[in-house]
Amino acid sequence: MADLSLFDLTGKNALVTGGAVGIGRGSAVALARAGADVAIADVNADAGEKTAEEIRSMRRQSLLVACDVTRRHQVQAMVRDVVEQFGRLDIAVNNAGIAILGADEEICQEDWDKVIAVNLTGTFLCAQAEARQMIRQTPVEGKIINIGSMSATIANCNASYDASKAGVVHMTKTLAAEWGRYNINVNCISPSYVLTPMHASTPMAVRQRIRELTPLGHVERPEDLHGAVIFLASAASDYVTGNDLMVDGGHTLNAWLTPLGRSVPPRVSPEEEIVQLKHDMDVLGFPYDAVGINPDVHPEIADAFKAAFGLKE
Ligand SMILES: NC(=O)c1ccc[n+]([C@@H]2O[C@H](COP(=O)([O-])OP(=O)(O)OC[C@H]3O[C@@H](n4cnc5c(N)ncnc54)[C@H](O)[C@@H]3O)[C@@H](O)[C@H]2O)c1
């Protein structure tokens with residue numbers, strides 16, 4: 001019999017940055033379901049409070065910390081607030097991230113700086129503040145999970161985003177090498193295209209193309225990351241550190257030249273793909289149509305997709 005207690009997070013205290021919606025909210029729910037108390041940190045305090053309330057309705061402790069991860073003092077205060085309420089910090093998911101698209105020959109330095117500040121510097125500032133706390137507490141140990149992206153490995157977005165994520169993946173390895181001596185595991189999870197508010201404008205034709213280019217046959221949902229988050233947060237991964245766990249349905253296997261025919265329907269239908277997306281859009285107060293599309297949230301992402309995939313709606 002498998003020892004499932006390896007995955008049990010009862011009594012553990014977790015923090016998720018960018019936890020209001022999307023992958024962050026999904027990670028927070030996964031950790032709470034596995035037994036952890038979970039703090040939510042986000043720049044969007046209203047949406048973050050709704051997710052904190054959702055965690056409390058699962059009979060777990062939660063708190064919302066309003067925090068911009070690019071601000072070192074706010075990040076330090078975030079960890080202090082969490083420890084004040086929970087007593088210690090066992091698990092941190094550094095997820096807050098943004099994309100500002102645009103052709104790289106046109107992009108202004110301000111936009112480049114913003115993306116690097118949130119995705120790379122913000123992730124470092126959080127990891128540093130979390131590790132300092134984990135080193136201070138008894139027993140000294142912890143699990144840090146950075147959210148990277150397949151964009152660290154393939155060139156599917158633009159230079160600022162792809163470079164920031166490649167930085168996150170490599171920084172994860174360096175921190176893992178340095179902090180192993182404190183029993184702190186540092187790992188990364190790299191998703192593919194995930195149906196979150198970031199992708200709320202992705203047209204149906206593009207979603208269909210992504211399904212066709214993905215061996216497991218459906219567009220990724222935040223729920224598809226739950227297992228990876230629990231694994232890397234729990235004792236099941238105690239001897240795993242410095243890894244980049246690709247959770248992409250096989251998308252980056254690059255099996256693109258031959259059409260990926262299916263023998264059975266994918267595990268997840270197009271309707272099931274958008275369950276959390278619809279929840280997130282409700283939390284943010286954005287309208288969407290029956291297939292979860294709001295053309296006004298990041299329309300530039302939709303345009304970039306259409307150009308990249310050679311598709312017109
Ligand atoms: N959606 C995807 O396809 C995809 C794919 C691979 C990786 N990722 C990565 O996953 C992470 C989450 O993405 P998502 O799709 O859930 O995005 P999202 O835009 O749906 O949600 C991001 C959350 O982070 C918060 N946030 C943004 N800037 C912040 C800051 N400076 N400080 C604190 N909070 C901040 C936002 O308020 C929001 O709640 C990001 O790091 C992103 O790069 C996303």
# chains A, B, ... in the order shown; residues from 1 in each chain; ligands from 1
>>> select_by_dssp(residues="range 185-250 of chain A", states="strand (DSSP E)", output="VMD selection string")
chain A and resid 185 to 191 244 to 247
>>> residues_around(residues="Val169 in chain A", least_positions_apart="2", cutoff="7 Å", atoms="only C-alpha atoms", output="PyMOL selection string")
chain A and resi 148+152+165-167+171-173+188+244
>>> write_last_selection(atoms="C-alpha atoms", output="mmCIF file, in the first residue's frame")
data_model
loop_
_atom_site.group_PDB
_atom_site.id
_atom_site.type_symbol
_atom_site.label_atom_id
_atom_site.label_comp_id
_atom_site.auth_asym_id
_atom_site.auth_seq_id
_atom_site.Cartn_x
_atom_site.Cartn_y
_atom_site.Cartn_z
ATOM 1 C CA GLY A 148 8.405 29.402 -13.823
ATOM 2 C CA ALA A 152 12.037 29.414 -19.847
ATOM 3 C CA LYS A 165 11.279 32.881 -16.573
ATOM 4 C CA ALA A 166 14.625 31.415 -17.671
ATOM 5 C CA GLY A 167 16.068 33.479 -14.821
ATOM 6 C CA MET A 171 17.868 31.022 -9.876
ATOM 7 C CA THR A 172 15.904 28.104 -8.430
ATOM 8 C CA LYS A 173 18.874 25.797 -9.005
ATOM 9 C CA CYS A 188 10.236 25.259 -9.811
ATOM 10 C CA ASP A 244 12.095 22.406 -12.880
#
>>> atom_distance(atom1="CA of Ile145 in chain A", atom2="CA of Phe231 in chain A")
10.4 Å
>>> closest_atom_pairs(of="chain A", to="ligand 1", cutoff="6 Å", atoms="only C-alpha atoms and all ligand atoms", output="JSON lines")
{"residue": "A:Thr17", "atom": "CA", "partner": "ligand 1", "partner_atom_place_in_ligand_line": "34 (N)", "distance": 5.9}
{"residue": "A:Gly18", "atom": "CA", "partner": "ligand 1", "partner_atom_place_in_ligand_line": "24 (O)", "distance": 3.3}
{"residue": "A:Gly19", "atom": "CA", "partner": "ligand 1", "partner_atom_place_in_ligand_line": "39 (O)", "distance": 5.6}
{"residue": "A:Ala20", "atom": "CA", "partner": "ligand 1", "partner_atom_place_in_ligand_line": "39 (O)", "distance": 4.3}
{"residue": "A:Val21", "atom": "CA", "partner": "ligand 1", "partner_atom_place_in_ligand_line": "39 (O)", "distance": 4.7}
{"residue": "A:Gly22", "atom": "CA", "partner": "ligand 1", "partner_atom_place_in_ligand_line": "16 (O)", "distance": 3.4}
{"residue": "A:Ile23", "atom": "CA", "partner": "ligand 1", "partner_atom_place_in_ligand_line": "16 (O)", "distance": 3.8}
{"residue": "A:Gly24", "atom": "CA", "partner": "ligand 1", "partner_atom_place_in_ligand_line": "16 (O)", "distance": 5.7}
{"residue": "A:Asp42", "atom": "CA", "partner": "ligand 1", "partner_atom_place_in_ligand_line": "34 (N)", "distance": 3.8}
{"residue": "A:Val43", "atom": "CA", "partner": "ligand 1", "partner_atom_place_in_ligand_line": "33 (C)", "distance": 4.4}
{"residue": "A:Asn44", "atom": "CA", "partner": "ligand 1", "partner_atom_place_in_ligand_line": "37 (O)", "distance": 4.7}
{"residue": "A:Cys67", "atom": "CA", "partner": "ligand 1", "partner_atom_place_in_ligand_line": "33 (C)", "distance": 5.5}
{"residue": "A:Asp68", "atom": "CA", "partner": "ligand 1", "partner_atom_place_in_ligand_line": "32 (N)", "distance": 3.5}
{"residue": "A:Val69", "atom": "CA", "partner": "ligand 1", "partner_atom_place_in_ligand_line": "32 (N)", "distance": 4.1}
{"residue": "A:Thr70", "atom": "CA", "partner": "ligand 1", "partner_atom_place_in_ligand_line": "31 (N)", "distance": 5.5}
{"residue": "A:Asn95", "atom": "CA", "partner": "ligand 1", "partner_atom_place_in_ligand_line": "41 (O)", "distance": 4.7}
{"residue": "A:Ala96", "atom": "CA", "partner": "ligand 1", "partner_atom_place_in_ligand_line": "24 (O)", "distance": 4.1}
{"residue": "A:Gly97", "atom": "CA", "partner": "ligand 1", "partner_atom_place_in_ligand_line": "41 (O)", "distance": 3.4}
{"residue": "A:Ile98", "atom": "CA", "partner": "ligand 1", "partner_atom_place_in_ligand_line": "43 (O)", "distance": 5.4}
{"residue": "A:Val118", "atom": "CA", "partner": "ligand 1", "partner_atom_place_in_ligand_line": "31 (N)", "distance": 5.1}
{"residue": "A:Ile147", "atom": "CA", "partner": "ligand 1", "partner_atom_place_in_ligand_line": "41 (O)", "distance": 5.5}
{"residue": "A:Gly148", "atom": "CA", "partner": "ligand 1", "partner_atom_place_in_ligand_line": "7 (C)", "distance": 5.6}
{"residue": "A:Ser149", "atom": "CA", "partner": "ligand 1", "partner_atom_place_in_ligand_line": "6 (C)", "distance": 4.0}
{"residue": "A:Pro191", "atom": "CA", "partner": "ligand 1", "partner_atom_place_in_ligand_line": "6 (C)", "distance": 4.4}
{"residue": "A:Ser192", "atom": "CA", "partner": "ligand 1", "partner_atom_place_in_ligand_line": "5 (C)", "distance": 4.8}
{"residue": "A:Tyr193", "atom": "CA", "partner": "ligand 1", "partner_atom_place_in_ligand_line": "3 (O)", "distance": 3.5}
{"residue": "A:Val194", "atom": "CA", "partner": "ligand 1", "partner_atom_place_in_ligand_line": "3 (O)", "distance": 3.6}
{"residue": "A:Leu195", "atom": "CA", "partner": "ligand 1", "partner_atom_place_in_ligand_line": "1 (N)", "distance": 5.8}
{"residue": "A:Thr196", "atom": "CA", "partner": "ligand 1", "partner_atom_place_in_ligand_line": "20 (O)", "distance": 4.5}
{"residue": "A:Pro197", "atom": "CA", "partner": "ligand 1", "partner_atom_place_in_ligand_line": "20 (O)", "distance": 4.0}
{"residue": "A:Met198", "atom": "CA", "partner": "ligand 1", "partner_atom_place_in_ligand_line": "19 (O)", "distance": 4.3}
>>> write_last_selection(atoms="N, CA and C atoms", output="PDB file, in the first residue's frame")
ATOM      1  N   THR A  17       2.072  33.756  -3.200  1.00  0.00           N
ATOM      2  CA  THR A  17       2.035  35.124  -3.750  1.00  0.00           C
ATOM      3  C   THR A  17       1.242  35.124  -5.057  1.00  0.00           C
ATOM      4  N   GLY A  18       0.588  36.241  -5.345  1.00  0.00           N
ATOM      5  CA  GLY A  18      -0.296  36.278  -6.514  1.00  0.00           C
ATOM      6  C   GLY A  18      -1.397  35.253  -6.348  1.00  0.00           C
ATOM      7  N   GLY A  19      -1.846  35.085  -5.109  1.00  0.00           N
ATOM      8  CA  GLY A  19      -2.765  33.984  -4.780  1.00  0.00           C
ATOM      9  C   GLY A  19      -4.239  34.297  -4.981  1.00  0.00           C
ATOM     10  N   ALA A  20      -4.556  35.516  -5.470  1.00  0.00           N
ATOM     11  CA  ALA A  20      -5.968  35.896  -5.583  1.00  0.00           C
ATOM     12  C   ALA A  20      -6.705  35.071  -6.625  1.00  0.00           C
ATOM     13  N   VAL A  21      -6.102  34.920  -7.781  1.00  0.00           N
ATOM     14  CA  VAL A  21      -6.766  34.220  -8.896  1.00  0.00           C
ATOM     15  C   VAL A  21      -5.729  33.338  -9.604  1.00  0.00           C
ATOM     16  N   GLY A  22      -6.196  32.651 -10.630  1.00  0.00           N
ATOM     17  CA  GLY A  22      -5.302  31.928 -11.526  1.00  0.00           C
ATOM     18  C   GLY A  22      -4.544  30.786 -10.854  1.00  0.00           C
ATOM     19  N   ILE A  23      -3.283  30.635 -11.258  1.00  0.00           N
ATOM     20  CA  ILE A  23      -2.452  29.531 -10.761  1.00  0.00           C
ATOM     21  C   ILE A  23      -2.223  29.680  -9.255  1.00  0.00           C
ATOM     22  N   GLY A  24      -2.105  30.926  -8.777  1.00  0.00           N
ATOM     23  CA  GLY A  24      -1.907  31.160  -7.346  1.00  0.00           C
ATOM     24  C   GLY A  24      -3.108  30.702  -6.539  1.00  0.00           C
ATOM     25  N   ASP A  42      -1.142  39.378  -2.366  1.00  0.00           N
ATOM     26  CA  ASP A  42      -1.464  39.845  -3.721  1.00  0.00           C
ATOM     27  C   ASP A  42      -1.515  41.368  -3.735  1.00  0.00           C
ATOM     28  N   VAL A  43      -1.246  41.975  -4.896  1.00  0.00           N
ATOM     29  CA  VAL A  43      -1.460  43.417  -5.043  1.00  0.00           C
ATOM     30  C   VAL A  43      -2.941  43.736  -5.102  1.00  0.00           C
ATOM     31  N   ASN A  44      -3.725  42.782  -5.560  1.00  0.00           N
ATOM     32  CA  ASN A  44      -5.176  42.981  -5.638  1.00  0.00           C
ATOM     33  C   ASN A  44      -5.805  42.470  -4.340  1.00  0.00           C
ATOM     34  N   CYS A  67       0.360  42.961  -0.835  1.00  0.00           N
ATOM     35  CA  CYS A  67       1.817  43.048  -1.050  1.00  0.00           C
ATOM     36  C   CYS A  67       2.137  43.130  -2.532  1.00  0.00           C
ATOM     37  N   ASP A  68       3.030  44.051  -2.854  1.00  0.00           N
ATOM     38  CA  ASP A  68       3.603  44.113  -4.192  1.00  0.00           C
ATOM     39  C   ASP A  68       4.977  43.452  -4.083  1.00  0.00           C
ATOM     40  N   VAL A  69       5.164  42.343  -4.775  1.00  0.00           N
ATOM     41  CA  VAL A  69       6.409  41.575  -4.592  1.00  0.00           C
ATOM     42  C   VAL A  69       7.656  42.297  -5.096  1.00  0.00           C
ATOM     43  N   THR A  70       7.475  43.416  -5.789  1.00  0.00           N
ATOM     44  CA  THR A  70       8.656  44.160  -6.241  1.00  0.00           C
ATOM     45  C   THR A  70       9.192  45.084  -5.145  1.00  0.00           C
ATOM     46  N   ASN A  95       4.513  32.845  -6.925  1.00  0.00           N
ATOM     47  CA  ASN A  95       3.745  32.693  -8.171  1.00  0.00           C
ATOM     48  C   ASN A  95       3.470  34.016  -8.863  1.00  0.00           C
ATOM     49  N   ALA A  96       3.485  35.151  -8.135  1.00  0.00           N
ATOM     50  CA  ALA A  96       3.096  36.432  -8.742  1.00  0.00           C
ATOM     51  C   ALA A  96       3.921  36.665 -10.007  1.00  0.00           C
ATOM     52  N   GLY A  97       3.236  36.983 -11.092  1.00  0.00           N
ATOM     53  CA  GLY A  97       3.956  37.200 -12.341  1.00  0.00           C
ATOM     54  C   GLY A  97       3.082  37.931 -13.339  1.00  0.00           C
ATOM     55  N   ILE A  98       3.730  38.596 -14.288  1.00  0.00           N
ATOM     56  CA  ILE A  98       3.007  39.331 -15.324  1.00  0.00           C
ATOM     57  C   ILE A  98       3.678  39.108 -16.682  1.00  0.00           C
ATOM     58  N   VAL A 118       8.802  42.160 -11.529  1.00  0.00           N
ATOM     59  CA  VAL A 118       7.813  41.281 -10.877  1.00  0.00           C
ATOM     60  C   VAL A 118       8.274  39.820 -10.943  1.00  0.00           C
ATOM     61  N   ILE A 147       7.101  29.581  -9.410  1.00  0.00           N
ATOM     62  CA  ILE A 147       6.366  29.272 -10.634  1.00  0.00           C
ATOM     63  C   ILE A 147       7.132  29.868 -11.812  1.00  0.00           C
ATOM     64  N   GLY A 148       7.678  28.988 -12.617  1.00  0.00           N
ATOM     65  CA  GLY A 148       8.405  29.402 -13.823  1.00  0.00           C
ATOM     66  C   GLY A 148       7.462  29.403 -14.995  1.00  0.00           C
ATOM     67  N   SER A 149       7.882  28.796 -16.080  1.00  0.00           N
ATOM     68  CA  SER A 149       7.045  28.676 -17.270  1.00  0.00           C
ATOM     69  C   SER A 149       7.795  27.842 -18.298  1.00  0.00           C
ATOM     70  N   PRO A 191       4.480  25.613 -16.033  1.00  0.00           N
ATOM     71  CA  PRO A 191       3.255  25.279 -16.761  1.00  0.00           C
ATOM     72  C   PRO A 191       3.365  25.680 -18.238  1.00  0.00           C
ATOM     73  N   SER A 192       2.338  25.285 -19.021  1.00  0.00           N
ATOM     74  CA  SER A 192       2.305  25.678 -20.443  1.00  0.00           C
ATOM     75  C   SER A 192       1.340  26.864 -20.599  1.00  0.00           C
ATOM     76  N   TYR A 193       0.317  26.739 -21.436  1.00  0.00           N
ATOM     77  CA  TYR A 193      -0.710  27.785 -21.535  1.00  0.00           C
ATOM     78  C   TYR A 193      -1.810  27.423 -20.556  1.00  0.00           C
ATOM     79  N   VAL A 194      -2.005  28.241 -19.538  1.00  0.00           N
ATOM     80  CA  VAL A 194      -2.990  27.901 -18.504  1.00  0.00           C
ATOM     81  C   VAL A 194      -4.165  28.871 -18.590  1.00  0.00           C
ATOM     82  N   LEU A 195      -5.374  28.336 -18.520  1.00  0.00           N
ATOM     83  CA  LEU A 195      -6.563  29.190 -18.636  1.00  0.00           C
ATOM     84  C   LEU A 195      -6.824  29.939 -17.326  1.00  0.00           C
ATOM     85  N   THR A 196      -6.172  31.080 -17.215  1.00  0.00           N
ATOM     86  CA  THR A 196      -6.325  31.982 -16.074  1.00  0.00           C
ATOM     87  C   THR A 196      -6.728  33.344 -16.654  1.00  0.00           C
ATOM     88  N   PRO A 197      -7.007  34.338 -15.799  1.00  0.00           N
ATOM     89  CA  PRO A 197      -7.326  35.664 -16.342  1.00  0.00           C
ATOM     90  C   PRO A 197      -6.267  36.182 -17.313  1.00  0.00           C
ATOM     91  N   MET A 198      -5.008  35.746 -17.140  1.00  0.00           N
ATOM     92  CA  MET A 198      -3.952  36.135 -18.089  1.00  0.00           C
ATOM     93  C   MET A 198      -4.335  35.733 -19.520  1.00  0.00           C
TER      94      MET A 198
END
>>> residues_around(residues="Val206 in chain A", least_positions_apart="2", cutoff="12 Å", atoms="only C-alpha atoms", output="PyMOL selection string")
chain A and resi 193+195+199-204+208-213+218-219+293+301-313
>>> write_last_selection(atoms="N, CA and C atoms", output="PDB file, in the first residue's frame")
ATOM      1  N   TYR A 193       0.317  26.739 -21.436  1.00  0.00           N
ATOM      2  CA  TYR A 193      -0.710  27.785 -21.535  1.00  0.00           C
ATOM      3  C   TYR A 193      -1.810  27.423 -20.556  1.00  0.00           C
ATOM      4  N   LEU A 195      -5.374  28.336 -18.520  1.00  0.00           N
ATOM      5  CA  LEU A 195      -6.563  29.190 -18.636  1.00  0.00           C
ATOM      6  C   LEU A 195      -6.824  29.939 -17.326  1.00  0.00           C
ATOM      7  N   HIS A 199      -5.094  34.646 -19.641  1.00  0.00           N
ATOM      8  CA  HIS A 199      -5.458  34.132 -20.960  1.00  0.00           C
ATOM      9  C   HIS A 199      -6.946  34.225 -21.245  1.00  0.00           C
ATOM     10  N   ALA A 200      -7.631  35.134 -20.548  1.00  0.00           N
ATOM     11  CA  ALA A 200      -9.088  35.203 -20.690  1.00  0.00           C
ATOM     12  C   ALA A 200      -9.514  35.689 -22.066  1.00  0.00           C
ATOM     13  N   SER A 201      -8.579  36.253 -22.823  1.00  0.00           N
ATOM     14  CA  SER A 201      -8.970  36.737 -24.151  1.00  0.00           C
ATOM     15  C   SER A 201      -8.554  35.764 -25.255  1.00  0.00           C
ATOM     16  N   THR A 202      -7.966  34.634 -24.874  1.00  0.00           N
ATOM     17  CA  THR A 202      -7.500  33.683 -25.892  1.00  0.00           C
ATOM     18  C   THR A 202      -8.677  33.117 -26.683  1.00  0.00           C
ATOM     19  N   PRO A 203      -8.723  33.376 -27.987  1.00  0.00           N
ATOM     20  CA  PRO A 203      -9.895  32.965 -28.771  1.00  0.00           C
ATOM     21  C   PRO A 203     -10.023  31.444 -28.882  1.00  0.00           C
ATOM     22  N   MET A 204     -11.222  30.995 -29.172  1.00  0.00           N
ATOM     23  CA  MET A 204     -11.495  29.557 -29.258  1.00  0.00           C
ATOM     24  C   MET A 204     -10.614  28.871 -30.294  1.00  0.00           C
ATOM     25  N   GLN A 208      -8.222  25.722 -29.566  1.00  0.00           N
ATOM     26  CA  GLN A 208      -8.305  24.469 -30.313  1.00  0.00           C
ATOM     27  C   GLN A 208      -6.942  24.081 -30.874  1.00  0.00           C
ATOM     28  N   ARG A 209      -6.191  25.073 -31.345  1.00  0.00           N
ATOM     29  CA  ARG A 209      -4.846  24.815 -31.890  1.00  0.00           C
ATOM     30  C   ARG A 209      -3.924  24.291 -30.781  1.00  0.00           C
ATOM     31  N   ILE A 210      -4.057  24.884 -29.586  1.00  0.00           N
ATOM     32  CA  ILE A 210      -3.226  24.420 -28.454  1.00  0.00           C
ATOM     33  C   ILE A 210      -3.569  22.955 -28.139  1.00  0.00           C
ATOM     34  N   ARG A 211      -4.874  22.642 -28.151  1.00  0.00           N
ATOM     35  CA  ARG A 211      -5.260  21.227 -27.908  1.00  0.00           C
ATOM     36  C   ARG A 211      -4.590  20.318 -28.923  1.00  0.00           C
ATOM     37  N   GLU A 212      -4.607  20.747 -30.198  1.00  0.00           N
ATOM     38  CA  GLU A 212      -4.040  19.929 -31.275  1.00  0.00           C
ATOM     39  C   GLU A 212      -2.530  19.772 -31.148  1.00  0.00           C
ATOM     40  N   LEU A 213      -1.879  20.728 -30.487  1.00  0.00           N
ATOM     41  CA  LEU A 213      -0.410  20.695 -30.359  1.00  0.00           C
ATOM     42  C   LEU A 213       0.039  20.126 -29.012  1.00  0.00           C
ATOM     43  N   HIS A 218      -5.786  18.651 -23.971  1.00  0.00           N
ATOM     44  CA  HIS A 218      -6.660  19.743 -23.510  1.00  0.00           C
ATOM     45  C   HIS A 218      -5.802  20.921 -23.074  1.00  0.00           C
ATOM     46  N   VAL A 219      -6.422  22.104 -23.027  1.00  0.00           N
ATOM     47  CA  VAL A 219      -5.684  23.285 -22.582  1.00  0.00           C
ATOM     48  C   VAL A 219      -5.535  23.193 -21.063  1.00  0.00           C
ATOM     49  N   ILE A 293     -14.623  33.618 -22.556  1.00  0.00           N
ATOM     50  CA  ILE A 293     -13.764  34.596 -23.235  1.00  0.00           C
ATOM     51  C   ILE A 293     -14.220  36.024 -22.930  1.00  0.00           C
ATOM     52  N   ILE A 301      -2.565  39.749 -25.734  1.00  0.00           N
ATOM     53  CA  ILE A 301      -2.156  38.340 -25.670  1.00  0.00           C
ATOM     54  C   ILE A 301      -2.887  37.567 -26.765  1.00  0.00           C
ATOM     55  N   ALA A 302      -4.184  37.878 -26.933  1.00  0.00           N
ATOM     56  CA  ALA A 302      -4.951  37.215 -27.996  1.00  0.00           C
ATOM     57  C   ALA A 302      -4.344  37.518 -29.354  1.00  0.00           C
ATOM     58  N   ASP A 303      -3.974  38.789 -29.571  1.00  0.00           N
ATOM     59  CA  ASP A 303      -3.405  39.170 -30.874  1.00  0.00           C
ATOM     60  C   ASP A 303      -2.078  38.452 -31.122  1.00  0.00           C
ATOM     61  N   ALA A 304      -1.252  38.403 -30.070  1.00  0.00           N
ATOM     62  CA  ALA A 304       0.056  37.739 -30.235  1.00  0.00           C
ATOM     63  C   ALA A 304      -0.144  36.260 -30.551  1.00  0.00           C
ATOM     64  N   PHE A 305      -1.106  35.648 -29.882  1.00  0.00           N
ATOM     65  CA  PHE A 305      -1.417  34.235 -30.143  1.00  0.00           C
ATOM     66  C   PHE A 305      -1.845  34.035 -31.590  1.00  0.00           C
ATOM     67  N   LYS A 306      -2.779  34.898 -32.013  1.00  0.00           N
ATOM     68  CA  LYS A 306      -3.317  34.744 -33.375  1.00  0.00           C
ATOM     69  C   LYS A 306      -2.186  34.872 -34.395  1.00  0.00           C
ATOM     70  N   ALA A 307      -1.281  35.830 -34.144  1.00  0.00           N
ATOM     71  CA  ALA A 307      -0.163  36.013 -35.072  1.00  0.00           C
ATOM     72  C   ALA A 307       0.748  34.782 -35.041  1.00  0.00           C
ATOM     73  N   ALA A 308       1.052  34.302 -33.813  1.00  0.00           N
ATOM     74  CA  ALA A 308       1.982  33.179 -33.689  1.00  0.00           C
ATOM     75  C   ALA A 308       1.419  31.907 -34.317  1.00  0.00           C
ATOM     76  N   PHE A 309       0.122  31.712 -34.168  1.00  0.00           N
ATOM     77  CA  PHE A 309      -0.493  30.486 -34.673  1.00  0.00           C
ATOM     78  C   PHE A 309      -1.026  30.654 -36.093  1.00  0.00           C
ATOM     79  N   GLY A 310      -0.876  31.858 -36.637  1.00  0.00           N
ATOM     80  CA  GLY A 310      -1.365  32.105 -37.987  1.00  0.00           C
ATOM     81  C   GLY A 310      -2.865  31.921 -38.099  1.00  0.00           C
ATOM     82  N   LEU A 311      -3.590  32.330 -37.066  1.00  0.00           N
ATOM     83  CA  LEU A 311      -5.035  32.098 -37.041  1.00  0.00           C
ATOM     84  C   LEU A 311      -5.807  33.399 -37.052  1.00  0.00           C
ATOM     85  N   LYS A 312      -6.940  33.363 -37.697  1.00  0.00           N
ATOM     86  CA  LYS A 312      -7.857  34.503 -37.623  1.00  0.00           C
ATOM     87  C   LYS A 312      -9.185  33.941 -37.168  1.00  0.00           C
ATOM     88  N   GLU A 313      -9.887  34.660 -36.262  1.00  0.00           N
ATOM     89  CA  GLU A 313     -11.206  34.176 -35.801  1.00  0.00           C
ATOM     90  C   GLU A 313     -12.237  34.389 -36.886  1.00  0.00           C
TER      91      GLU A 313
END
>>> residues_around(residues="Gly102 in chain A", least_positions_apart="5", cutoff="8 Å", atoms="only C-alpha atoms", output="list in words")
Ile107, Asn158, Glu300 and Ala304 of chain A
>>> residues_around(residues="Glu54 in chain A", least_positions_apart="4", cutoff="10 Å", atoms="only C-alpha atoms", output="PyMOL selection string")
chain A and resi 25+28-29+32+48-50+58-60+62
>>> atom_distance(atom1="CA of His298 in chain A", atom2="CA of Ser190 in chain A")
21.1 Å
>>> select_by_dssp(residues="range 68-226 of chain A", states="helix (DSSP H, G or I)", output="ChimeraX atom specification")
/A:72-86,109-136,150-152,159-182,197-199,204-212,222-226
